[in-house]
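Structure first, then comments.
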Amino acid sequence: MSERNVLHVENITMQFGGVVAVNNLSLDIPEDKIIALIGPNGAGKTTAFNCITGVYQPTNGLVEFMGKPMVCGFPKGKMRKQYKGDNHELYVKQKTLSPTPDEITKLGIARTFQNIRLWKSMTVFENVLIAKHMRARQNVFSATFRGNAKEERRMREETMALLEEQGLEKFKDELATSLPYGLQRRLEIARALATDPKLLLLDEPAAGMNPQETQELADFIHQIRDKYKLTVFLIEHHMDLVMKISDYIYVIDFGSKIAEGVPKDVQSNQRVIDAYLGVSEDE
Amino acid sequence: MGKRINEMINPALRNPEEQKAKKLDLTVAAVLLAVLLVFLIVLDNVLPQNSFTLMLIPVLKKGAIYSLACVSMNLLNGFTGLFSLGQAGFMLVGAYTYAIFSIPSGQHNAVYQYFDGGAIKFSIPELLSGVLGDTAGSFLGSIICIILAGLVVAAFAALIGIPVLRLKSDYLAIASLGFAEIIRAIFQWNGLGAVTNGSNLLRKYTAFSNMKIDIGSFSLKFSTLFPFLIAGLSILVIVLLINSSYGRAFKAIRDDEIAAEAMGINLFKHKMLSFVISSFFAGVAGALLAMYQTTVQASTFNTTMTYEILLMVVIGGIGSISGSCIAAFLYIACSEWWLRFLDSGAIGSISVPFFRDGFRKVVFSVVIMVIVLFFSKGIMGDKELSLSRMIKKSKAKRAARAEAKAAEGGEAK
Amino acid sequence: MSEFFAANLPYILSGISVGGQYALIAIGYTMVYGILRLINFAHGDVFMVAGLVMIYMTASLPMYISIPIVLVATVVLGFIIERVAYKPLRSSPRMSVMISAIGVSYLLQNCALYFTGGLPQPYPAIPFLSDSITVFGATTKMVTVITPVLTFILVVALVLLINHTKIGMAMRAVSKDFETSQLMGIKINSVISATFIIGSALAAIGSLLYFTNYASVNPMSGSLPGLRAFVAAVFGGIGSIPGAVIGAFIIGICENIIKGAGWTAFSDAFTFVLLIVILMVKPTGIFGEKATDKV
């Protein structure tokens, strides 16, 4: 691809004990595009997300963000013997990088979760406001003794603006978990946007939504992409949605990439059809 | 100006109705505090000593100190979700730091009689008295010692936090409990006797009774007001912290660590902040407790003390500051005053056979178990005491009742 | 090495003995944790109550009646604590159950304080256990020799029970996955009760052996051995019975060698330093299983 890549994932392998959850996965996420990662249940999609967002340190491989290495590792210790993946010597010379999730978020990658993780004792407003905490110019003293009043006001105004835009302002004082499911998903996206990301990772944003809501979600993803100049990388099961909004699709099964391409090509790819429909061994 | 104050206290509230409610609460709080202030000064100086005030004054002092201890524990356990059981250890360090630096130099030989007068030969209140005069010296000196106690404890906590805060829930509990035990062993060790006086008491340092201003032959005493002032200011700072951006981050960690981290909150840094700040105030509470007791001994700061503070927090409601304060005063009043009769062997003149020493504590622990099992939200749940909220609630209740009546009437037709 | 051994023999011997006693308590902690994920803070106090019951029973009854009564009373106590204080909180957050356990511990200590009047109660000499014996030239009580043997027998019996009986299988299933075993028709409550019964019975035996070495029992007697046994359980990998036993022996021996070296004040501090080091280096202990959070 000719455009600039926001995210470049190279030979990522994640092995838990003897189980290889993600195997030698490479992908590129070009700027301003909507890219989808699909695959059957248990294919390792969420694990791949977790490797990118720092929840897991990948056993082997490299992730670059905005052209700079962000995560890098190679099999160490016990894993050196157990390692079943490829390229185990490719990154030995490179500096190991294992940033924590918050450091990655600070660089400009925000995410949502497959099983919604909102802060349950807090209101809708607070849920978004807290995501602003990371970039606020303040320290614990200025915050405690209210020396940050200007900053605090700015955070509140931005939060309010974000909620209004998402149509959540009338729920602002309700508990986040009292919202209907679809709105909770939307709130999670709003919360992720509050961290000012360049790249937004959505983990099954349409899960549990009805066709109407899914339709709205598709428009919504386009809207926020254009408005915030975001790049979107999503995992999704709703094929209608994926085919409609993605510019490019990666397909994985059993941890490995089995196909990639524009929606039209992926749709007619035999390996993808086999992976989804299942194919018997003797064929 | 009013708006600014509102923003200071709780910037989360912006709509006019809530601001009005907040203003009402603040006014009520200000009036109550003023009344309390006057009452405490009167209590210290004007009211005669009788059996009632002799019980009331210690309960008030100790209640104020334990309120602070509870609130500082609540900051950690209730607001950050870190189940730490190191409170007694931190209070111990605070109490010792305070005592060590405020024993008058003339008393060192008497206090450290087995350790050649100890290693520290100065006393901060005394040094300041030399410069500022006796009254200002002992006030400012003890305040400096209290802050110093907090800082020393905070430094201890920062060191302990590096390993401990990486642990998950119950491991954190047991490791912090372990550290408290280690601290106790170190402070009782005779090898450090020149500083800690080993397993002996520390005494003769500046206490609450020294908090007075002599005007000619009349002396204005502050011995009850002083702990209220220090504890009150400390609690105010904690409240401000909890309602700030950092306090919200703490609550986010409590609710869901993984989400908090994914939203850019550095877990270790924020847990450490909460741990160090909570420990600072535990140290202040320890220093106040030393002033109250007039002697300190490491062996009294045991796990039972931590458990008692934890139980107070639970009774008040985990996650409620006002709940912690109410529970601390109630607990102290019950255990030191109102339930005393259970130990005395009689109600009035009627003697009851099984009322004897220790019965009070049995009744007490049964009540606590009932609260833990059946009223696990405690007195306040995770809400704060507020007049406007009560008014709102009673209005809502009245409205509901009216509605029910109307509905009944409708059915009758 | 042999010099060190010769000089420290009495301490090593008493360390093995104390270690066995800790092991019997530690099993109670580790089994409960394995199944309920709860640090049963009251377990040490159950152990103390067993000691007190023994004192009050022997005051009026002969030894051969008192000992069975102690066992039964401790088991009943453990069972009641579980039913009253932990069962109602089964669906509550883990913190509330832990607080309830702390509450029970506080209650038991205060009850003990009430009944004893806060005075240490002299522990009766149990014939045979209190007799003197000479091992490798060191004179000690019979209990020193009996403890490791008895511990070994009990642990083997327990492991057989867990691996070869129906209730044992249910216990293993529940400790692997609470919800699923419930769905598979395992009676969770009876499994948990069985766990508490076994834990309390072992604690009662432990208390008979432990207090024989001490002159008296007071309301706080249970808290430190309890904490040490808990550390042993963590050290061995909480949830693992062999781990708890090995951890208990290591802690018992280390503690006594430190006491022998004249650092008595630091023997408990050492136990906790060991705990913290273990938690830092290998949080799951020697035999513990690794658990990962699902995101």
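If you're wondering about the labels, chains in the structure tokens are A, B, ... by order shown, residues count from 1 in each chain, ligands from 1 in order shown.
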
Show me a table, sorted first by chain and then by increasing residue number, of the residues of chain B having an atom at most 8 Å from chain C, each with its shortest atom pair and the distance in Å to one decimal, counting only C-alpha atoms and written as CSV.
```
residue,atom,partner,partner_atom,distance
B:Phe83,CA,C:Met95,CA,7.6
B:Pro163,CA,C:Met280,CA,6.5
B:Val164,CA,C:Ile276,CA,7.8
B:Leu167,CA,C:Leu279,CA,7.6
B:Asp170,CA,C:Ile39,CA,7.3
B:Tyr171,CA,C:Leu279,CA,7.8
B:Ala175,CA,C:Ile276,CA,6.1
B:Gly178,CA,C:Phe272,CA,5.1
B:Phe179,CA,C:Phe272,CA,7.0
B:Glu181,CA,C:Ala269,CA,6.5
B:Ile182,CA,C:Ala269,CA,4.5
B:Ala185,CA,C:Ala265,CA,6.2
B:Ile186,CA,C:Phe266,CA,7.6
B:Gln188,CA,C:Ala265,CA,7.8
B:Trp189,CA,C:Ala265,CA,6.5
B:Ile258,CA,C:Val295,CA,7.6
B:Thr304,CA,C:Tyr106,CA,7.5
B:Tyr307,CA,C:Ile102,CA,6.8
B:Leu311,CA,C:Gly103,CA,7.5
B:Arg356,CA,C:Tyr114,CA,7.8
B:Asp357,CA,C:Tyr114,CA,6.5
B:Gly358,CA,C:Tyr114,CA,4.5
B:Phe359,CA,C:Tyr114,CA,5.8
B:Lys361,CA,C:Asn110,CA,5.8
B:Val362,CA,C:Asn110,CA,5.4
B:Ser365,CA,C:Leu107,CA,5.0
B:Val366,CA,C:Leu107,CA,6.7
B:Ile368,CA,C:Gly103,CA,7.0
B:Met369,CA,C:Gly103,CA,5.9
B:Val372,CA,C:Ser100,CA,6.1
B:Leu373,CA,C:Ala85,CA,6.9
B:Ser376,CA,C:Ser96,CA,7.6
```

Kindly export the residues of the current selection with C-alpha atoms, as a short mmCIF file (atom, residue, chain, number, x, y, z; two decimals), in the first residue's frame.
```
data_model
loop_
_atom_site.label_atom_id
_atom_site.label_comp_id
_atom_site.auth_asym_id
_atom_site.auth_seq_id
_atom_site.Cartn_x
_atom_site.Cartn_y
_atom_site.Cartn_z
CA PHE B 83 -7.47 -3.67 50.20
CA PRO B 163 6.72 -4.22 45.89
CA VAL B 164 3.29 -4.37 47.53
CA LEU B 167 0.03 -7.49 44.05
CA ASP B 170 -5.97 -10.43 48.90
CA TYR B 171 -2.24 -10.78 48.39
CA ALA B 175 1.51 -8.34 52.36
CA GLY B 178 2.98 -8.41 56.98
CA PHE B 179 4.75 -5.09 56.56
CA GLU B 181 4.11 -6.61 61.61
CA ILE B 182 7.68 -6.08 60.39
CA ALA B 185 9.13 -5.77 65.24
CA ILE B 186 11.70 -3.20 64.13
CA GLN B 188 10.38 -2.88 69.40
CA TRP B 189 13.90 -4.04 68.72
CA ILE B 258 -8.19 -2.82 32.85
CA THR B 304 -6.49 -5.72 66.11
CA TYR B 307 -9.18 -4.54 62.12
CA LEU B 311 -14.64 -2.33 60.81
CA ARG B 356 -18.54 -8.54 83.49
CA ASP B 357 -15.27 -7.42 81.99
CA GLY B 358 -15.18 -8.03 78.26
CA PHE B 359 -18.93 -8.45 77.74
CA LYS B 361 -16.67 -6.20 73.39
CA VAL B 362 -18.62 -9.39 72.79
CA SER B 365 -18.48 -7.67 67.85
CA VAL B 366 -21.89 -9.36 67.47
CA ILE B 368 -20.51 -5.61 63.91
CA MET B 369 -21.13 -9.06 62.47
CA VAL B 372 -21.36 -6.88 58.02
CA LEU B 373 -23.84 -9.64 57.19
CA SER B 376 -23.24 -4.52 54.25
#
```

Inset, instruction - Please provide as a PyMOL selection string all residues within 10 Å of A:Phe113, with the sequence filter that same-chain residues fewer than 6 positions apart are discarded (counting only C-alpha atoms). - result: (chain A and resi 46+49+185+188-189+201-205) or (chain B and resi 258-259+262) or (chain C and resi 295)

Inset, instruction - Pick out each residue of stretch 45-229 of chain C that DSSP on the backbone tags as alpha helix (DSSP H); I need them as number ranges by chain. - result: C: 45-60, 63-81, 94-116, 142-164, 166-176, 178-183, 188-212, 223-229

Considering only C-alpha atoms, give me a table of residues in chain A that are at most 9 Å from chain C, with the closest atom pair and distance in Å for each, as CSV.
```
residue,atom,partner,partner_atom,distance
A:Thr46,CA,C:Val295,CA,8.5
A:Thr47,CA,C:Val295,CA,8.9
A:Asn50,CA,C:Val295,CA,8.1
A:Val55,CA,C:Val295,CA,8.1
A:Phe113,CA,C:Val295,CA,7.9
A:Gln114,CA,C:Val295,CA,8.3
A:Asn115,CA,C:Val295,CA,8.3
```

Write out the residues from the selection above, keeping C-alpha atoms, as a CSV table (one decimal), in the first residue's frame.
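Below is the file that was written, part_38.csv:
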```
chain,number,residue,atom,x,y,z
A,46,THR,CA,-9.0,-10.1,20.5
A,47,THR,CA,-5.6,-11.5,21.4
A,50,ASN,CA,-4.4,-7.1,23.2
A,55,VAL,CA,-2.4,-5.9,27.6
A,113,PHE,CA,-13.8,-3.8,24.7
A,114,GLN,CA,-15.7,-6.8,23.5
A,115,ASN,CA,-17.6,-7.2,26.8
```

Using only C-alpha atoms, tabulate the residues of chain A lying at most 9 Å from any atom of chain B, each with its closest atom pair and that distance in Å to one decimal, by chain and increasing residue number, as CSV.
```
residue,atom,partner,partner_atom,distance
A:Thr53,CA,B:Ala262,CA,7.7
A:Gly54,CA,B:Ala262,CA,8.8
A:Val55,CA,B:Ile258,CA,8.4
A:Thr100,CA,B:Glu261,CA,8.1
A:Pro101,CA,B:Ala262,CA,5.4
A:Asp102,CA,B:Gly264,CA,3.9
A:Glu103,CA,B:Gly264,CA,6.6
A:Ile104,CA,B:Gly264,CA,7.7
A:Thr105,CA,B:Gly264,CA,5.2
A:Lys106,CA,B:Gly264,CA,5.9
A:Ala110,CA,B:Met263,CA,7.1
A:Arg111,CA,B:Ala262,CA,7.0
A:Thr112,CA,B:Ala262,CA,8.5
A:Phe113,CA,B:Ala259,CA,8.4
A:Arg117,CA,B:Ala259,CA,6.0
A:Leu118,CA,B:Ala259,CA,7.1
A:Trp119,CA,B:Asp255,CA,5.3
A:Lys120,CA,B:Asp255,CA,6.4
A:Ser121,CA,B:Asp255,CA,6.9
A:Met122,CA,B:Ala252,CA,8.3
A:Phe125,CA,B:Ala12,CA,8.8
A:Glu126,CA,B:Arg248,CA,7.8
A:Asn127,CA,B:Ala252,CA,8.3
A:Leu129,CA,B:Ser245,CA,8.5
A:Ile130,CA,B:Ala249,CA,6.2
A:Ala131,CA,B:Met263,CA,5.4
A:Lys132,CA,B:Met263,CA,8.5
A:His133,CA,B:Ser245,CA,6.3
A:Met134,CA,B:Gly264,CA,5.5
A:Arg135,CA,B:Gly264,CA,8.5
A:Ala136,CA,B:Ser245,CA,8.9
A:Gln138,CA,B:Ser245,CA,9.0
A:Asn139,CA,B:Tyr246,CA,8.4
A:Val140,CA,B:Tyr246,CA,6.6
A:Phe141,CA,B:Leu241,CA,8.6
A:Ala143,CA,B:Ser244,CA,5.7
A:Thr144,CA,B:Leu241,CA,4.5
A:Phe145,CA,B:Leu240,CA,7.0
A:Arg146,CA,B:Met8,CA,6.1
A:Ala149,CA,B:Glu7,CA,8.1
A:Glu152,CA,B:Ser245,CA,7.8
A:Arg153,CA,B:Pro11,CA,8.5
A:Arg156,CA,B:Ala12,CA,8.3
A:Arg191,CA,B:Met263,CA,7.9
A:Ala192,CA,B:Met263,CA,6.9
A:Ala194,CA,B:Met263,CA,8.8
A:Thr195,CA,B:Met263,CA,6.8
```

Put those residues in a file: N, CA and C atoms, as a CSV table (one decimal), in the first residue's frame.
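Written out: out-v1.csv:
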```
chain,number,residue,atom,x,y,z
A,53,THR,N,-2.4,-3.3,22.1
A,53,THR,CA,-2.7,-2.3,23.1
A,53,THR,C,-1.9,-2.5,24.4
A,54,GLY,N,-1.0,-3.5,24.5
A,54,GLY,CA,-0.1,-3.6,25.6
A,54,GLY,C,-0.7,-4.4,26.7
A,55,VAL,N,-1.9,-5.0,26.6
A,55,VAL,CA,-2.4,-5.9,27.6
A,55,VAL,C,-1.6,-7.2,27.7
A,100,THR,N,3.3,-0.3,28.8
A,100,THR,CA,2.0,-0.6,29.5
A,100,THR,C,0.8,0.0,28.7
A,101,PRO,N,-0.4,-0.6,28.9
A,101,PRO,CA,-1.5,-0.1,28.1
A,101,PRO,C,-1.7,1.5,28.1
A,102,ASP,N,-1.4,2.0,29.3
A,102,ASP,CA,-1.6,3.5,29.4
A,102,ASP,C,-0.6,4.3,28.6
A,103,GLU,N,0.6,3.7,28.5
A,103,GLU,CA,1.6,4.4,27.7
A,103,GLU,C,1.2,4.4,26.2
A,104,ILE,N,0.6,3.3,25.8
A,104,ILE,CA,0.2,3.1,24.4
A,104,ILE,C,-1.0,4.1,24.1
A,105,THR,N,-1.9,4.1,25.1
A,105,THR,CA,-3.0,5.1,24.9
A,105,THR,C,-2.5,6.5,24.8
A,106,LYS,N,-1.5,6.8,25.6
A,106,LYS,CA,-0.9,8.1,25.5
A,106,LYS,C,-0.3,8.5,24.2
A,110,ALA,N,-6.6,4.3,21.1
A,110,ALA,CA,-7.6,4.1,22.0
A,110,ALA,C,-8.4,2.8,21.6
A,111,ARG,N,-9.1,2.2,22.6
A,111,ARG,CA,-9.8,1.0,22.3
A,111,ARG,C,-11.1,0.9,23.0
A,112,THR,N,-12.0,0.0,22.5
A,112,THR,CA,-13.1,-0.4,23.3
A,112,THR,C,-13.0,-1.9,23.5
A,113,PHE,N,-13.9,-2.4,24.4
A,113,PHE,CA,-13.8,-3.8,24.7
A,113,PHE,C,-15.0,-4.6,24.2
A,117,ARG,N,-16.7,-2.5,29.1
A,117,ARG,CA,-16.0,-2.2,30.4
A,117,ARG,C,-16.2,-0.8,30.8
A,118,LEU,N,-17.4,-0.4,31.2
A,118,LEU,CA,-17.5,1.0,31.6
A,118,LEU,C,-17.3,1.0,33.1
A,119,TRP,N,-17.0,2.2,33.7
A,119,TRP,CA,-16.9,2.2,35.2
A,119,TRP,C,-18.3,2.3,35.8
A,120,LYS,N,-18.7,1.2,36.5
A,120,LYS,CA,-20.1,1.0,36.7
A,120,LYS,C,-20.6,1.9,37.8
A,121,SER,N,-19.8,2.4,38.7
A,121,SER,CA,-20.4,3.3,39.8
A,121,SER,C,-20.4,4.7,39.4
A,122,MET,N,-20.0,5.0,38.1
A,122,MET,CA,-19.9,6.4,37.7
A,122,MET,C,-20.9,6.8,36.6
A,125,PHE,N,-21.4,11.1,32.3
A,125,PHE,CA,-20.5,12.2,32.2
A,125,PHE,C,-19.1,11.9,32.8
A,126,GLU,N,-19.1,11.3,34.0
A,126,GLU,CA,-17.8,11.0,34.6
A,126,GLU,C,-17.0,10.0,33.8
A,127,ASN,N,-17.7,9.0,33.2
A,127,ASN,CA,-17.0,8.0,32.4
A,127,ASN,C,-16.2,8.7,31.3
A,129,LEU,N,-15.3,12.0,31.3
A,129,LEU,CA,-14.4,12.9,31.9
A,129,LEU,C,-13.1,12.3,32.3
A,130,ILE,N,-13.2,11.1,32.9
A,130,ILE,CA,-12.0,10.5,33.4
A,130,ILE,C,-11.0,10.2,32.3
A,131,ALA,N,-11.5,9.9,31.1
A,131,ALA,CA,-10.6,9.6,30.0
A,131,ALA,C,-9.8,10.8,29.6
A,132,LYS,N,-10.3,12.0,30.0
A,132,LYS,CA,-9.6,13.3,29.8
A,132,LYS,C,-8.4,13.5,30.7
A,133,HIS,N,-8.5,12.7,31.8
A,133,HIS,CA,-7.5,12.9,32.9
A,133,HIS,C,-6.0,12.8,32.4
A,134,MET,N,-5.8,11.8,31.5
A,134,MET,CA,-4.5,11.5,31.0
A,134,MET,C,-3.8,12.7,30.4
A,135,ARG,N,-4.5,13.5,29.6
A,135,ARG,CA,-3.9,14.6,28.9
A,135,ARG,C,-4.0,15.9,29.6
A,136,ALA,N,-4.6,15.9,30.8
A,136,ALA,CA,-4.8,17.2,31.5
A,136,ALA,C,-3.4,17.7,32.0
A,138,GLN,N,-1.9,19.1,34.8
A,138,GLN,CA,-2.1,19.2,36.2
A,138,GLN,C,-1.3,18.2,37.0
A,139,ASN,N,-1.1,18.5,38.3
A,139,ASN,CA,-0.5,17.5,39.1
A,139,ASN,C,-1.4,17.3,40.3
A,140,VAL,N,-1.0,16.4,41.2
A,140,VAL,CA,-2.0,16.0,42.3
A,140,VAL,C,-2.2,17.2,43.2
A,141,PHE,N,-1.2,18.1,43.4
A,141,PHE,CA,-1.4,19.2,44.3
A,141,PHE,C,-2.3,20.3,43.6
A,143,ALA,N,-4.5,19.8,41.4
A,143,ALA,CA,-5.8,19.2,41.3
A,143,ALA,C,-6.5,19.3,42.6
A,144,THR,N,-5.8,18.9,43.7
A,144,THR,CA,-6.5,18.9,45.0
A,144,THR,C,-6.9,20.2,45.4
A,145,PHE,N,-5.9,21.2,45.3
A,145,PHE,CA,-6.2,22.5,45.8
A,145,PHE,C,-6.8,23.4,44.7
A,146,ARG,N,-7.3,22.8,43.7
A,146,ARG,CA,-8.1,23.5,42.6
A,146,ARG,C,-7.3,24.6,41.9
A,149,ALA,N,-8.2,25.0,37.8
A,149,ALA,CA,-9.6,25.3,37.5
A,149,ALA,C,-9.9,25.4,36.0
A,152,GLU,N,-9.7,22.1,34.4
A,152,GLU,CA,-10.8,21.3,34.8
A,152,GLU,C,-12.0,21.8,33.9
A,153,ARG,N,-12.2,23.1,33.8
A,153,ARG,CA,-13.3,23.6,33.0
A,153,ARG,C,-13.2,23.2,31.5
A,156,ARG,N,-14.2,19.6,31.2
A,156,ARG,CA,-15.7,19.5,31.3
A,156,ARG,C,-16.4,19.9,30.1
A,191,ARG,N,-15.9,7.5,25.1
A,191,ARG,CA,-14.8,7.5,26.1
A,191,ARG,C,-13.5,7.3,25.5
A,192,ALA,N,-13.4,6.4,24.5
A,192,ALA,CA,-12.2,6.2,23.8
A,192,ALA,C,-11.8,7.5,23.0
A,194,ALA,N,-12.4,10.5,23.8
A,194,ALA,CA,-11.9,11.5,24.8
A,194,ALA,C,-10.4,11.4,25.0
A,195,THR,N,-9.8,10.4,24.7
A,195,THR,CA,-8.3,10.3,24.9
A,195,THR,C,-7.6,10.9,23.7
```

Non-local contacts of stretch 92-107 of chain B (8 Å; only C-alpha atoms; under 4 positions in same chain excluded) as a PDB file with C-alpha atoms, in the first residue's frame:
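So the final result, stored in out04.pdb, reads:
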```pdb
ATOM      1  CA  ALA B  88      -1.725   0.245  62.364  1.00  0.00           C
ATOM      2  CA  VAL B 111      12.702   8.601  78.953  1.00  0.00           C
ATOM      3  CA  ILE B 120      18.323  12.436  69.274  1.00  0.00           C
ATOM      4  CA  LYS B 121      19.146  15.241  71.631  1.00  0.00           C
ATOM      5  CA  PHE B 122      16.837  17.981  70.455  1.00  0.00           C
ATOM      6  CA  SER B 123      13.139  18.673  70.509  1.00  0.00           C
ATOM      7  CA  ILE B 124      11.414  20.637  67.775  1.00  0.00           C
ATOM      8  CA  PRO B 125       8.816  22.376  69.975  1.00  0.00           C
ATOM      9  CA  GLU B 126      11.604  23.371  72.357  1.00  0.00           C
ATOM     10  CA  GLY B 141       6.447  22.822  67.061  1.00  0.00           C
ATOM     11  CA  SER B 142       3.829  20.137  67.468  1.00  0.00           C
ATOM     12  CA  CYS B 145       6.182  17.349  64.272  1.00  0.00           C
ATOM     13  CA  ILE B 146       2.768  16.157  63.064  1.00  0.00           C
ATOM     14  CA  LEU B 148       6.987  15.451  59.851  1.00  0.00           C
ATOM     15  CA  ALA B 149       5.254  12.304  61.121  1.00  0.00           C
ATOM     16  CA  GLY B 150       3.084  12.319  58.011  1.00  0.00           C
ATOM     17  CA  VAL B 152       8.102  10.019  57.346  1.00  0.00           C
ATOM     18  CA  VAL B 153       5.164   7.639  57.014  1.00  0.00           C
ATOM     19  CA  ILE B 183       7.501  -2.384  61.283  1.00  0.00           C
ATOM     20  CA  ARG B 184       6.273  -3.311  64.744  1.00  0.00           C
ATOM     21  CA  VAL B 195      15.902   6.169  68.763  1.00  0.00           C
ATOM     22  CA  THR B 196      12.796   4.117  69.480  1.00  0.00           C
ATOM     23  CA  LEU B 202       7.969   6.933  74.911  1.00  0.00           C
ATOM     24  CA  ARG B 203       6.512   9.663  77.079  1.00  0.00           C
ATOM     25  CA  LYS B 204       6.737  13.248  78.327  1.00  0.00           C
ATOM     26  CA  TYR B 205       6.401  14.755  74.850  1.00  0.00           C
ATOM     27  CA  THR B 206       4.053  17.605  73.920  1.00  0.00           C
ATOM     28  CA  ALA B 282      -2.488   7.712  58.711  1.00  0.00           C
ATOM     29  CA  GLY B 283       0.796   9.119  60.031  1.00  0.00           C
ATOM     30  CA  VAL B 284      -0.941  12.336  61.065  1.00  0.00           C
ATOM     31  CA  ALA B 285      -3.609  10.272  62.828  1.00  0.00           C
ATOM     32  CA  GLY B 286      -0.858   8.288  64.542  1.00  0.00           C
ATOM     33  CA  ALA B 287       0.791  11.498  65.750  1.00  0.00           C
ATOM     34  CA  LEU B 288      -2.536  12.758  67.112  1.00  0.00           C
ATOM     35  CA  LEU B 289      -3.099   9.430  68.831  1.00  0.00           C
ATOM     36  CA  ALA B 290       0.316   9.764  70.460  1.00  0.00           C
ATOM     37  CA  VAL B 296       3.304   5.384  72.973  1.00  0.00           C
ATOM     38  CA  ALA B 298       4.767  -0.210  69.630  1.00  0.00           C
ATOM     39  CA  PHE B 301      -0.333  -0.885  67.274  1.00  0.00           C
TER      40      PHE B 301
END
```

Inset, instruction - Return as a VMD selection string the full set of residues in stretch 180-390 of chain B whose backbone-based DSSP assignment is strand (DSSP E). - result: chain B and resid 202 to 203 212 to 215 218 to 221 295 to 296 346 to 347 350 to 351

Legend entry - stretch 49-59 of chain B environment, 10 Å, only C-alpha atoms, sequence neighbours closer than 6 positions dropped, as a PyMOL selection string: chain B and resi 40+43+65+223-224+292-293+329-338

Legend entry - Neighbour list for C:Gly51 as a list in words, cut-off 10 Å, only C-alpha atoms, skip fewer than 3 positions in-chain: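 Once the adjacent positions are removed, what remains is Asp45, Val46, Phe47, Met48, Met54, Ile55, Tyr56, Val70, Thr74, Gln121, Tyr123, Pro124, Ala203, Ala204, Ile205, Gly206, Ser207, Leu208, Leu209, Tyr210, Phe211, Thr212, Ser216, Val217, Asn218, Pro219, Ser221 and Gly222 of chain C.
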
Legend entry - Contacts of C:Gly243 at 8 Å (only C-alpha atoms; same-chain gap of 4+ positions) as a PyMOL selection string: chain C and resi 233+235-238+247+286-288

Inset, instruction - Fewer than 4 positions away in the same chain doesn't count, so skip those; otherwise give me all residues within 12 Å of C:Ser181, counting only C-alpha atoms, as a PyMOL selection string. - result: chain C and resi 35+169-177+185-189+191

Write out, as a compact mmCIF listing (two decimals), in the first residue's frame, the residues just selected, with C-alpha atoms.
```txt
# COMPACT_ATOMS: atom_id res chain seq x y z
CA ILE C 35 -12.36 -23.36 46.90
CA MET C 169 -13.37 -35.24 43.41
CA ALA C 170 -16.10 -32.69 44.04
CA MET C 171 -13.62 -30.55 45.96
CA ARG C 172 -11.14 -30.65 43.11
CA ALA C 173 -13.85 -29.76 40.64
CA VAL C 174 -15.10 -26.84 42.72
CA SER C 175 -11.63 -25.44 43.18
CA LYS C 176 -11.05 -25.56 39.42
CA ASP C 177 -14.28 -23.86 38.48
CA GLY C 185 -24.92 -30.67 39.85
CA ILE C 186 -22.24 -30.67 42.54
CA LYS C 187 -23.72 -29.60 45.86
CA ILE C 188 -21.46 -26.60 46.41
CA ASN C 189 -22.61 -26.01 49.96
CA VAL C 191 -18.44 -29.41 49.52
```

Inset, instruction - One decimal, Å: what's the distance from atom CA of A:Gly44 over to atom CA of A:Gln215, could you say? - result: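 Atom CA of A:Gln215 lies 26.1 Å from atom CA of A:Gly44.
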